[in-house]
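protein02.tsv, holding TSV, C-alpha atoms and all ligand atoms:
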```
chain	number	residue	atom	x	y	z
A	716	MET	CA	91.83	106.03	105.87
A	717	THR	CA	93.37	109.27	104.61
A	718	LYS	CA	96.28	108.77	102.25
A	719	PHE	CA	98.90	111.41	103.09
A	720	ASN	CA	101.50	112.77	100.69
A	721	ILE	CA	103.74	113.24	103.70
A	722	PRO	CA	102.86	110.78	106.45
A	723	ILE	CA	103.94	111.54	110.02
A	724	SER	CA	106.16	108.50	109.95
A	725	LYS	CA	107.23	105.63	107.72
A	726	PRO	CA	109.39	102.64	108.62
A	727	ASN	CA	112.64	102.15	106.73
A	728	LEU	CA	112.23	98.70	105.16
A	729	THR	CA	114.80	97.58	102.62
A	730	LYS	CA	115.80	94.54	100.60
A	731	LYS	CA	118.46	93.79	103.23
A	732	ASP	CA	115.78	93.62	105.91
A	733	PHE	CA	113.74	91.33	103.72
A	734	LEU	CA	116.70	89.02	103.10
A	735	GLU	CA	117.30	88.64	106.85
A	736	ILE	CA	113.63	87.75	107.35
A	737	LYS	CA	113.89	85.29	104.45
A	738	LYS	CA	116.94	83.64	106.05
A	739	CYS	CA	114.89	83.13	109.20
A	740	PHE	CA	111.90	81.89	107.18
A	741	ASP	CA	114.06	79.41	105.24
A	742	SER	CA	115.55	78.07	108.47
A	743	SER	CA	112.05	77.25	109.82
A	744	TRP	CA	113.04	78.93	113.13
A	745	ILE	CA	110.18	81.39	113.07
A	746	SER	CA	108.91	81.25	116.67
A	747	SER	CA	110.34	82.87	119.80
A	748	LYS	CA	112.74	79.92	120.12
A	749	SER	CA	114.51	81.16	117.01
A	750	PRO	CA	118.23	81.97	117.21
A	751	TRP	CA	117.31	85.34	115.65
A	752	VAL	CA	115.64	86.34	118.93
A	753	GLU	CA	118.90	85.95	120.84
A	754	LYS	CA	120.87	87.64	118.07
A	755	PHE	CA	118.48	90.58	118.13
A	756	GLU	CA	118.47	90.83	121.94
A	757	LYS	CA	122.25	90.85	122.12
A	758	SER	CA	122.72	93.40	119.35
A	759	PHE	CA	120.01	95.65	120.83
A	760	ALA	CA	121.66	95.58	124.28
A	761	LYS	CA	125.06	96.36	122.79
A	762	LYS	CA	124.04	99.02	120.30
A	763	ILE	CA	120.90	100.63	121.71
A	764	SER	CA	120.06	100.10	125.39
A	765	GLY	CA	123.63	99.98	126.66
A	766	THR	CA	122.61	97.35	129.22
A	767	LYS	CA	124.00	93.88	129.92
A	768	TYR	CA	120.72	92.15	129.13
A	769	SER	CA	117.62	92.59	127.06
A	770	VAL	CA	114.50	90.50	126.45
A	771	ALA	CA	112.51	90.85	123.22
A	772	VAL	CA	108.74	91.02	123.72
A	773	ASN	CA	105.68	91.65	121.60
A	774	SER	CA	105.16	95.34	122.52
A	775	GLY	CA	106.47	98.23	124.57
A	776	THR	CA	103.40	97.87	126.76
A	777	SER	CA	104.28	94.22	127.47
A	778	ALA	CA	107.80	95.40	128.31
A	779	LEU	CA	106.40	97.80	130.94
A	780	PHE	CA	104.03	95.15	132.31
A	781	LEU	CA	106.85	92.60	132.68
A	782	ALA	CA	109.14	95.19	134.30
A	783	LEU	CA	106.50	95.89	136.97
A	784	LYS	CA	105.79	92.17	137.45
A	785	ALA	CA	109.49	91.35	137.80
A	786	LEU	CA	109.75	93.92	140.62
A	787	GLU	CA	106.69	92.33	142.24
A	788	ILE	CA	104.68	95.51	142.01
A	789	GLY	CA	100.95	94.86	142.38
A	790	PRO	CA	97.80	95.57	144.39
A	791	GLY	CA	98.39	97.95	147.30
A	792	ASP	CA	101.47	99.50	145.65
A	793	GLU	CA	101.85	102.94	144.10
A	794	VAL	CA	103.90	103.94	141.08
A	795	ILE	CA	104.73	107.58	140.26
A	796	LEU	CA	104.64	108.60	136.58
A	797	PRO	CA	104.13	111.74	134.49
A	798	THR	CA	100.59	112.66	133.53
A	799	LEU	CA	101.85	113.66	130.07
A	800	THR	CA	102.50	110.28	128.50
A	801	MET	CA	101.02	107.73	126.18
A	802	ILE	CA	98.24	105.62	127.68
A	803	ALA	CA	100.42	102.45	127.70
A	804	THR	CA	102.53	103.74	130.61
A	805	VAL	CA	99.58	104.04	132.96
A	806	ASN	CA	97.80	100.96	131.60
A	807	ALA	CA	100.76	98.74	132.49
A	808	ILE	CA	100.49	100.00	136.09
A	809	THR	CA	96.77	99.32	136.33
A	810	TRP	CA	97.16	95.91	134.60
A	811	VAL	CA	99.35	94.75	137.51
A	812	GLY	CA	96.78	96.15	139.97
A	813	ALA	CA	98.95	98.99	141.31
A	814	LYS	CA	97.84	102.62	141.72
A	815	PRO	CA	99.23	105.28	139.35
A	816	ILE	CA	100.25	108.56	140.99
A	817	LEU	CA	100.71	111.50	138.64
A	818	VAL	CA	103.25	114.30	138.39
A	819	ASP	CA	103.16	117.37	136.13
A	820	SER	CA	105.76	118.41	133.54
A	821	VAL	CA	108.74	120.58	134.54
A	822	SER	CA	107.99	123.85	132.73
A	823	LYS	CA	106.88	125.34	129.43
A	824	ASN	CA	110.39	124.52	128.20
A	825	ASP	CA	110.46	120.91	129.39
A	826	TRP	CA	107.54	118.52	129.04
A	827	ASN	CA	109.15	115.70	131.04
A	828	MET	CA	108.22	114.73	134.58
A	829	ASN	CA	109.19	117.32	137.24
A	830	PRO	CA	111.57	115.74	139.77
A	831	ASN	CA	110.78	118.54	142.25
A	832	LYS	CA	107.17	117.32	142.42
A	833	ILE	CA	107.98	113.67	143.06
A	834	GLU	CA	108.80	113.68	146.77
A	835	GLU	CA	105.47	115.21	147.79
A	836	LYS	CA	103.76	112.22	146.12
A	837	ILE	CA	105.78	109.51	147.92
A	838	THR	CA	103.91	107.48	150.55
A	839	SER	CA	104.61	104.25	152.41
A	840	LYS	CA	102.97	102.47	149.46
A	841	THR	CA	105.24	103.89	146.76
A	842	LYS	CA	107.34	101.21	145.10
A	843	ALA	CA	108.68	102.79	141.93
A	844	ILE	CA	109.15	105.92	139.87
A	845	LEU	CA	108.42	105.51	136.17
A	846	PRO	CA	109.88	108.43	134.17
A	847	VAL	CA	109.10	108.70	130.45
A	848	HIS	CA	111.60	110.27	128.04
A	849	ILE	CA	108.86	112.02	126.09
A	850	TYR	CA	109.37	112.35	122.34
A	851	GLY	CA	112.96	111.20	122.85
A	852	TYR	CA	114.02	114.03	125.22
A	853	PRO	CA	115.84	112.62	128.26
A	854	CYS	CA	114.37	113.16	131.74
A	855	ASN	CA	116.45	114.53	134.60
A	856	MET	CA	117.66	111.07	135.60
A	857	ASN	CA	120.22	112.24	138.16
A	858	GLU	CA	117.50	113.90	140.25
A	859	ILE	CA	115.05	111.03	139.79
A	860	ASN	CA	117.63	108.42	140.76
A	861	LYS	CA	118.69	110.50	143.77
A	862	ILE	CA	115.10	110.61	145.07
A	863	ALA	CA	114.64	106.89	144.36
A	864	LYS	CA	117.80	106.04	146.28
A	865	LYS	CA	116.81	108.20	149.25
A	866	HIS	CA	113.38	106.53	149.49
A	867	LYS	CA	114.50	103.03	148.41
A	868	LEU	CA	112.34	102.97	145.31
A	869	TYR	CA	112.84	101.25	141.98
A	870	VAL	CA	113.20	103.27	138.79
A	871	ILE	CA	111.75	101.95	135.53
A	872	GLU	CA	112.54	104.07	132.47
A	873	ASP	CA	109.85	104.21	129.83
A	874	ALA	CA	112.25	104.63	126.92
A	875	ALA	CA	109.62	103.59	124.35
A	876	GLU	CA	110.34	106.73	122.30
A	877	ALA	CA	113.93	107.32	123.35
A	878	MET	CA	116.20	104.90	121.46
A	879	GLY	CA	119.60	106.55	121.09
A	880	ALA	CA	118.84	109.64	123.19
A	881	LEU	CA	121.71	110.69	125.46
A	882	TYR	CA	121.37	112.12	128.97
A	883	LYS	CA	124.58	113.93	129.92
A	884	GLY	CA	126.36	111.67	127.46
A	885	LYS	CA	124.83	108.49	128.90
A	886	ILE	CA	122.43	106.22	127.06
A	887	THR	CA	118.79	106.56	128.08
A	888	GLY	CA	117.57	103.10	128.95
A	889	SER	CA	120.77	102.31	130.85
A	890	LEU	CA	120.09	104.62	133.78
A	891	SER	CA	117.61	102.67	135.89
A	892	ASP	CA	116.72	99.23	137.27
A	893	ILE	CA	114.77	98.30	134.13
A	894	SER	CA	114.10	100.15	130.89
A	895	CYS	CA	111.40	99.49	128.31
A	896	PHE	CA	111.51	100.23	124.59
A	897	SER	CA	108.85	100.05	121.89
A	898	LEU	CA	109.51	98.64	118.42
A	899	TYR	CA	106.21	99.71	116.90
A	900	SER	CA	106.42	100.71	113.24
A	901	ASN	CA	106.77	104.45	113.93
A	902	LYS	CA	109.87	103.98	116.11
A	903	ILE	CA	113.42	104.61	114.87
A	904	ILE	CA	113.92	100.89	114.37
A	905	THR	CA	110.96	98.54	114.23
A	906	THR	CA	109.78	94.95	114.22
A	907	GLY	CA	106.24	95.92	113.18
A	908	ASN	CA	104.98	95.48	116.71
A	909	GLY	CA	107.39	94.70	119.49
A	910	GLY	CA	109.28	95.83	122.54
A	911	MET	CA	112.41	95.26	124.58
A	912	VAL	CA	112.92	95.02	128.35
A	913	CYS	CA	116.49	95.89	129.36
A	914	THR	CA	118.44	95.65	132.59
A	915	ASN	CA	121.91	95.27	134.07
A	916	ASN	CA	120.62	92.96	136.79
A	917	GLN	CA	121.03	89.28	135.98
A	918	ASN	CA	118.32	88.11	138.41
A	919	ILE	CA	115.79	90.53	136.97
A	920	TYR	CA	116.79	89.44	133.46
A	921	LYS	CA	116.29	85.76	134.28
A	922	LEU	CA	112.92	86.43	135.88
A	923	ILE	CA	111.69	88.50	132.94
A	924	LYS	CA	112.80	85.73	130.55
A	925	LYS	CA	110.73	83.25	132.55
A	926	LEU	CA	107.69	85.49	132.92
A	927	SER	CA	107.66	86.38	129.24
A	928	PHE	CA	107.20	82.78	128.14
A	929	PHE	CA	105.17	80.62	130.56
A	930	ASP	CA	108.16	79.92	132.80
A	931	PHE	CA	109.20	77.11	130.49
A	932	ASN	CA	112.55	75.70	131.53
A	933	GLU	CA	115.20	73.56	129.90
A	934	LYS	CA	115.01	70.51	132.17
A	935	THR	CA	111.36	69.99	133.00
A	936	HIS	CA	109.61	71.69	130.13
A	937	PHE	CA	106.00	71.37	131.31
A	938	LYS	CA	106.59	71.92	135.02
A	939	HIS	CA	106.01	75.56	135.95
A	940	ASN	CA	106.86	77.37	139.17
A	941	LEU	CA	105.47	80.75	138.17
A	942	ILE	CA	102.39	82.08	136.46
A	943	GLY	CA	104.10	83.13	133.26
A	944	TYR	CA	102.72	84.97	130.24
A	945	ASN	CA	103.12	84.61	126.51
A	946	LEU	CA	104.44	88.02	125.48
A	947	VAL	CA	107.38	87.05	123.31
A	948	LEU	CA	108.54	88.24	119.90
A	949	SER	CA	108.57	85.84	116.95
A	950	GLY	CA	111.76	84.82	115.12
A	951	LEU	CA	110.57	86.52	111.94
A	952	GLN	CA	110.11	89.82	113.75
A	953	ALA	CA	113.45	89.40	115.52
A	954	ALA	CA	115.15	88.88	112.15
A	955	LEU	CA	113.76	92.24	111.02
A	956	GLY	CA	114.90	93.84	114.28
A	957	TYR	CA	118.37	92.33	113.96
A	958	SER	CA	118.71	93.75	110.48
A	959	GLN	CA	117.39	97.16	111.62
A	960	VAL	CA	119.86	97.45	114.52
A	961	LYS	CA	122.69	97.36	111.99
A	962	LYS	CA	121.54	100.63	110.45
A	963	PHE	CA	120.48	102.27	113.71
A	964	ASP	CA	123.12	105.02	113.58
A	965	ARG	CA	122.02	106.12	110.12
A	966	LEU	CA	118.33	106.14	111.08
A	967	LEU	CA	119.04	108.06	114.29
A	968	ASN	CA	121.26	110.62	112.56
A	969	LYS	CA	118.52	111.28	110.04
A	970	ARG	CA	116.04	112.11	112.84
A	971	ARG	CA	118.56	114.61	114.21
A	972	GLN	CA	119.12	116.05	110.74
A	973	VAL	CA	115.37	116.44	110.18
A	974	PHE	CA	115.00	118.30	113.48
A	975	GLU	CA	117.82	120.63	112.45
A	976	TRP	CA	116.00	121.35	109.16
A	977	TYR	CA	112.83	122.20	111.07
A	978	ARG	CA	114.78	124.35	113.52
A	979	LYS	CA	116.31	126.44	110.73
A	980	ASN	CA	113.10	126.74	108.74
A	981	LEU	CA	110.95	127.65	111.72
A	982	LYS	CA	113.25	130.41	112.93
A	983	ASN	CA	111.39	133.71	113.12
A	984	LYS	CA	108.00	131.98	112.84
A	985	HIS	CA	105.39	132.15	115.61
A	986	VAL	CA	106.06	128.72	117.03
A	987	SER	CA	108.63	127.40	119.43
A	988	LEU	CA	110.64	124.21	119.59
A	989	ILE	CA	111.96	122.69	122.77
A	990	ILE	CA	115.72	123.07	122.76
A	991	PRO	CA	117.41	120.65	125.16
A	992	SER	CA	120.16	121.53	127.60
A	993	LYS	CA	123.61	121.47	126.00
A	994	GLU	CA	124.50	118.31	127.90
A	995	ASP	CA	121.67	116.23	126.41
A	996	SER	CA	121.08	114.83	122.92
A	997	PRO	CA	117.47	113.88	122.26
A	998	ASN	CA	116.80	111.47	119.40
A	999	TYR	CA	114.09	113.88	118.08
A	1000	TRP	CA	111.79	110.92	117.46
A	1001	PHE	CA	109.10	113.39	116.41
A	1002	PRO	CA	109.80	117.11	116.03
A	1003	ALA	CA	107.28	118.92	118.20
A	1004	VAL	CA	106.24	122.53	117.81
A	1005	ILE	CA	104.46	124.60	120.43
A	1006	THR	CA	102.01	127.12	119.00
A	1007	LYS	CA	100.88	130.31	120.71
A	1008	ASP	CA	97.46	128.89	121.58
A	1009	LYS	CA	95.06	126.02	120.93
A	1010	LYS	CA	93.21	127.78	118.11
A	1011	THR	CA	96.44	128.49	116.20
A	1012	LYS	CA	97.43	124.83	116.48
A	1013	GLU	CA	94.07	123.68	115.16
A	1014	ILE	CA	94.20	126.06	112.21
A	1015	ILE	CA	97.72	124.98	111.22
A	1016	ALA	CA	96.92	121.27	111.65
A	1017	LYS	CA	93.84	121.69	109.44
A	1018	LYS	CA	95.80	123.46	106.70
A	1019	LEU	CA	98.47	120.75	106.75
A	1020	PHE	CA	95.79	118.07	106.66
A	1021	ASN	CA	94.15	119.70	103.64
A	1022	ASP	CA	97.53	119.57	101.91
A	1023	LYS	CA	97.76	115.86	102.79
A	1024	ILE	CA	100.47	116.34	105.40
A	1025	GLU	CA	99.94	114.29	108.52
A	1026	THR	CA	100.45	115.72	112.04
A	1027	ARG	CA	99.58	114.50	115.49
A	1028	ASP	CA	98.40	116.18	118.70
A	1029	PHE	CA	100.39	115.73	121.89
A	1030	PHE	CA	99.27	113.02	124.30
A	1031	LEU	CA	96.09	113.79	126.17
A	1032	PRO	CA	97.35	113.85	129.79
A	1033	ILE	CA	96.30	110.83	131.86
A	1034	HIS	CA	94.22	112.91	134.32
A	1035	LEU	CA	92.04	114.04	131.38
A	1036	GLN	CA	91.64	110.60	129.78
A	1037	PRO	CA	87.97	109.53	129.82
A	1038	VAL	CA	88.99	106.13	131.17
A	1039	TYR	CA	91.06	107.53	134.08
A	1040	LYS	CA	89.75	111.02	134.86
A	1041	ARG	CA	87.51	109.91	137.75
A	1042	ASP	CA	90.61	108.61	139.56
A	1043	PHE	CA	92.27	112.02	139.46
A	1044	GLN	CA	89.32	114.36	140.10
A	1045	GLY	CA	90.36	117.71	141.50
A	1046	GLU	CA	94.05	117.19	140.70
A	1047	LYS	CA	95.68	119.91	138.61
A	1048	TYR	CA	98.54	119.49	136.14
A	1049	PRO	CA	98.51	122.79	134.20
A	1050	ILE	CA	101.84	122.40	132.39
A	1051	SER	CA	100.86	119.08	130.82
A	1052	GLU	CA	97.63	120.76	129.66
A	1053	TYR	CA	99.63	123.64	128.20
A	1054	PHE	CA	101.57	121.17	126.06
A	1055	PHE	CA	98.49	119.18	125.10
A	1056	GLU	CA	96.65	122.29	123.92
A	1057	ARG	CA	99.48	123.86	121.95
A	1058	GLY	CA	101.74	120.99	120.94
A	1059	LEU	CA	101.82	119.52	117.46
A	1060	LEU	CA	104.03	116.67	116.23
A	1061	LEU	CA	105.41	117.01	112.71
A	1062	PRO	CA	106.54	114.31	110.24
A	1063	SER	CA	109.94	112.70	110.60
A	1064	CYS	CA	111.34	109.57	109.01
A	1065	PHE	CA	114.34	108.36	107.05
A	1066	ASP	CA	112.81	109.22	103.66
A	1067	LEU	CA	111.82	112.80	104.51
A	1068	SER	CA	113.62	115.37	102.35
A	1069	LEU	CA	114.68	118.94	103.04
A	1070	SER	CA	112.24	120.22	100.42
A	1071	GLN	CA	109.39	118.41	102.19
A	1072	VAL	CA	110.40	119.97	105.50
A	1073	THR	CA	110.53	123.39	103.81
A	1074	GLN	CA	107.07	122.75	102.37
A	1075	ILE	CA	105.71	121.87	105.84
A	1076	CYS	CA	107.31	124.92	107.48
A	1077	LYS	CA	105.59	127.29	105.03
A	1078	PHE	CA	102.35	126.64	106.92
A	1079	PHE	CA	103.75	128.34	110.04
A	1080	ASN	CA	103.78	132.12	109.95
A	1101	LIG	C1	105.77	106.58	126.08
A	1101	LIG	C2	105.28	105.28	125.54
A	1101	LIG	N1	105.22	104.22	126.36
A	1101	LIG	C3	104.81	103.02	125.94
A	1101	LIG	C4	104.42	102.82	124.63
A	1101	LIG	C5	103.88	101.49	124.23
A	1101	LIG	O1	104.59	100.86	123.23
A	1101	LIG	P1	103.83	99.83	122.26
A	1101	LIG	O2	102.97	100.62	121.36
A	1101	LIG	O3	104.96	99.14	121.55
A	1101	LIG	O4	103.07	98.89	123.14
A	1101	LIG	C6	104.47	103.88	123.74
A	1101	LIG	C7	104.11	103.71	122.33
A	1101	LIG	O5	104.50	104.41	121.45
A	1101	LIG	C8	104.90	105.14	124.21
A	1101	LIG	O6	104.92	106.21	123.38
```
Would you mind writing the file's structure down as structure tokens?
Ligand SMILES: Cc1ncc(COP(=O)(O)O)c(C=O)c1O
Amino acid sequence: MTKFNIPISKPNLTKKDFLEIKKCFDSSWISSKSPWVEKFEKSFAKKISGTKYSVAVNSGTSALFLALKALEIGPGDEVILPTLTMIATVNAITWVGAKPILVDSVSKNDWNMNPNKIEEKITSKTKAILPVHIYGYPCNMNEINKIAKKHKLYVIEDAAEAMGALYKGKITGSLSDISCFSLYSNKIITTGNGGMVCTNNQNIYKLIKKLSFFDFNEKTHFKHNLIGYNLVLSGLQAALGYSQVKKFDRLLNKRRQVFEWYRKNLKNKHVSLIIPSKEDSPNYWFPAVITKDKKTKEIIAKKLFNDKIETRDFFLPIHLQPVYKRDFQGEKYPISEYFFERGLLLPSCFDLSLSQVTQICKFFN
């Protein structure tokens, strides 16, 4: 594995985090039954998702899977999602046996799902719309929720990358029936691997709790009414998450600061950044630059790599994924391809300094 001088991301792990994990370790409550799981869930709901309830799980993908299961989405159903997303979004849909239906991005200035293209994809089989706040930029939730209401569809927000992002002043992850977050190590706060399913609906919350852990219940432990799963987070991981939530504001502000540094340093260079509408505040999970063409992106990425600076391509759109492309033959999503060809993600993390950002920006001319 290449050792980078500036990695694309690095978790912020401190002595304080370690001491919280140690407290959990010393208590012997290390499994999902640990009081740290409840502490983490409650603090996450209060501080990050802005929902009444949240359930800690072992990944963002499990969060999406459980959200779909809880809404009884399965074979014969269709779910509408953007083609420009990480593979987990579509995999969760196919895991439950439903059919993914794709929508292109809005424009060359907005990579999120285009609400104006959703209605033409709705059929009698459509059960849900699954918007993704890509790279921490909020989707047009008002439009998406309006369409969902008109057609009586559920909305599940894939907020895996969007912790702390604000849509018209409202918290992303609190704007739908269920939202799903990832706590993988490159996210703003992390539990190593992990995820969170969040909702304001008590019945959905109770069902997700049951489904996430074998439908165990208090009274008759080994009598099960549902086919449950084992997708829970351990106490040790929850202790780390609980400690990380406490510094969420600082970690989030740093991402915004880093983006601002890139914005200033990339002014007058031949790349563009996506600037959100004035009403929204992305979390700038990863700063993304759009180069003038594919070749330019490849040349810059190579130069950065040679200087041991890590970058990442944009997601390969779902309709081009080797594993899914047969399902979407003949369908065209040109804006997602525009972003895939020209988009490059740059490093961002709590430790990144202004001089490192300046160093990175020198490669763009
Ligand atoms: C948009 C999106 N959805 C879902 C996931 C899946 O999360 P996890 O890796 O925690 O399973 C990710 C992962 O980063 C993601 O970027």
Excluding Trp751 of chain A and any residue of its chain fewer than 6 positions from it, enumerate the residues within 8 Å of it, using all atoms listed in the file, and give them as a list of chain:residue names. A:Cys739, A:Gly950, A:Leu951, A:Ala953, A:Ala954, A:Tyr957
Only C-alpha atoms, please: the residues just picked out, written as an mmCIF file, in the frame of the given file.
```cif
data_model
loop_
_atom_site.group_PDB
_atom_site.id
_atom_site.type_symbol
_atom_site.label_atom_id
_atom_site.label_comp_id
_atom_site.auth_asym_id
_atom_site.auth_seq_id
_atom_site.Cartn_x
_atom_site.Cartn_y
_atom_site.Cartn_z
ATOM 1 C CA CYS A 739 114.890 83.130 109.200
ATOM 2 C CA GLY A 950 111.760 84.820 115.120
ATOM 3 C CA LEU A 951 110.570 86.520 111.940
ATOM 4 C CA ALA A 953 113.450 89.400 115.520
ATOM 5 C CA ALA A 954 115.150 88.880 112.150
ATOM 6 C CA TYR A 957 118.370 92.330 113.960
#
```
Which is closest to ligand LIG 1101 (chain A) among A:Leu728, A:Cys895, A:Ile844, A:Ala880, if we use all atoms listed in the file?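 Ranking A:Leu728, A:Cys895, A:Ile844, A:Ala880 by distance to ligand LIG 1101 (chain A), first place goes to A:Cys895.
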Please identify all polymer residues within 12 Å of Ile808 of chain A, counting all atoms listed in the file, omitting same-chain residues fewer than 5 positions from it, and present them as a PyMOL selection string. chain A and resi 776-784+786-796+802-803+813-817+842-845+871
Pick out the residues sitting within 9 Å of Ile1050 of chain A, and hand them over as a ChimeraX atom specification; count only C-alpha atoms, and ignore anything fewer than 4 positions along from it in its own chain. /A:819-823,826,1054-1055
For ligand LIG 1101 (chain A), list the contacting residues at 7 Å or closer, counting only C-alpha atoms and all ligand atoms, as a PyMOL selection string. chain A and resi 774-777+800-801+803-804+847+849+873-876+897-899+908-910
If I take atom CA of Ser839 of chain A and atom CA of Lys867 of chain A, how far is one from the other in Å, to one decimal?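 Separating atom CA of Ser839 of chain A from atom CA of Lys867 of chain A is a distance of 10.7 Å.
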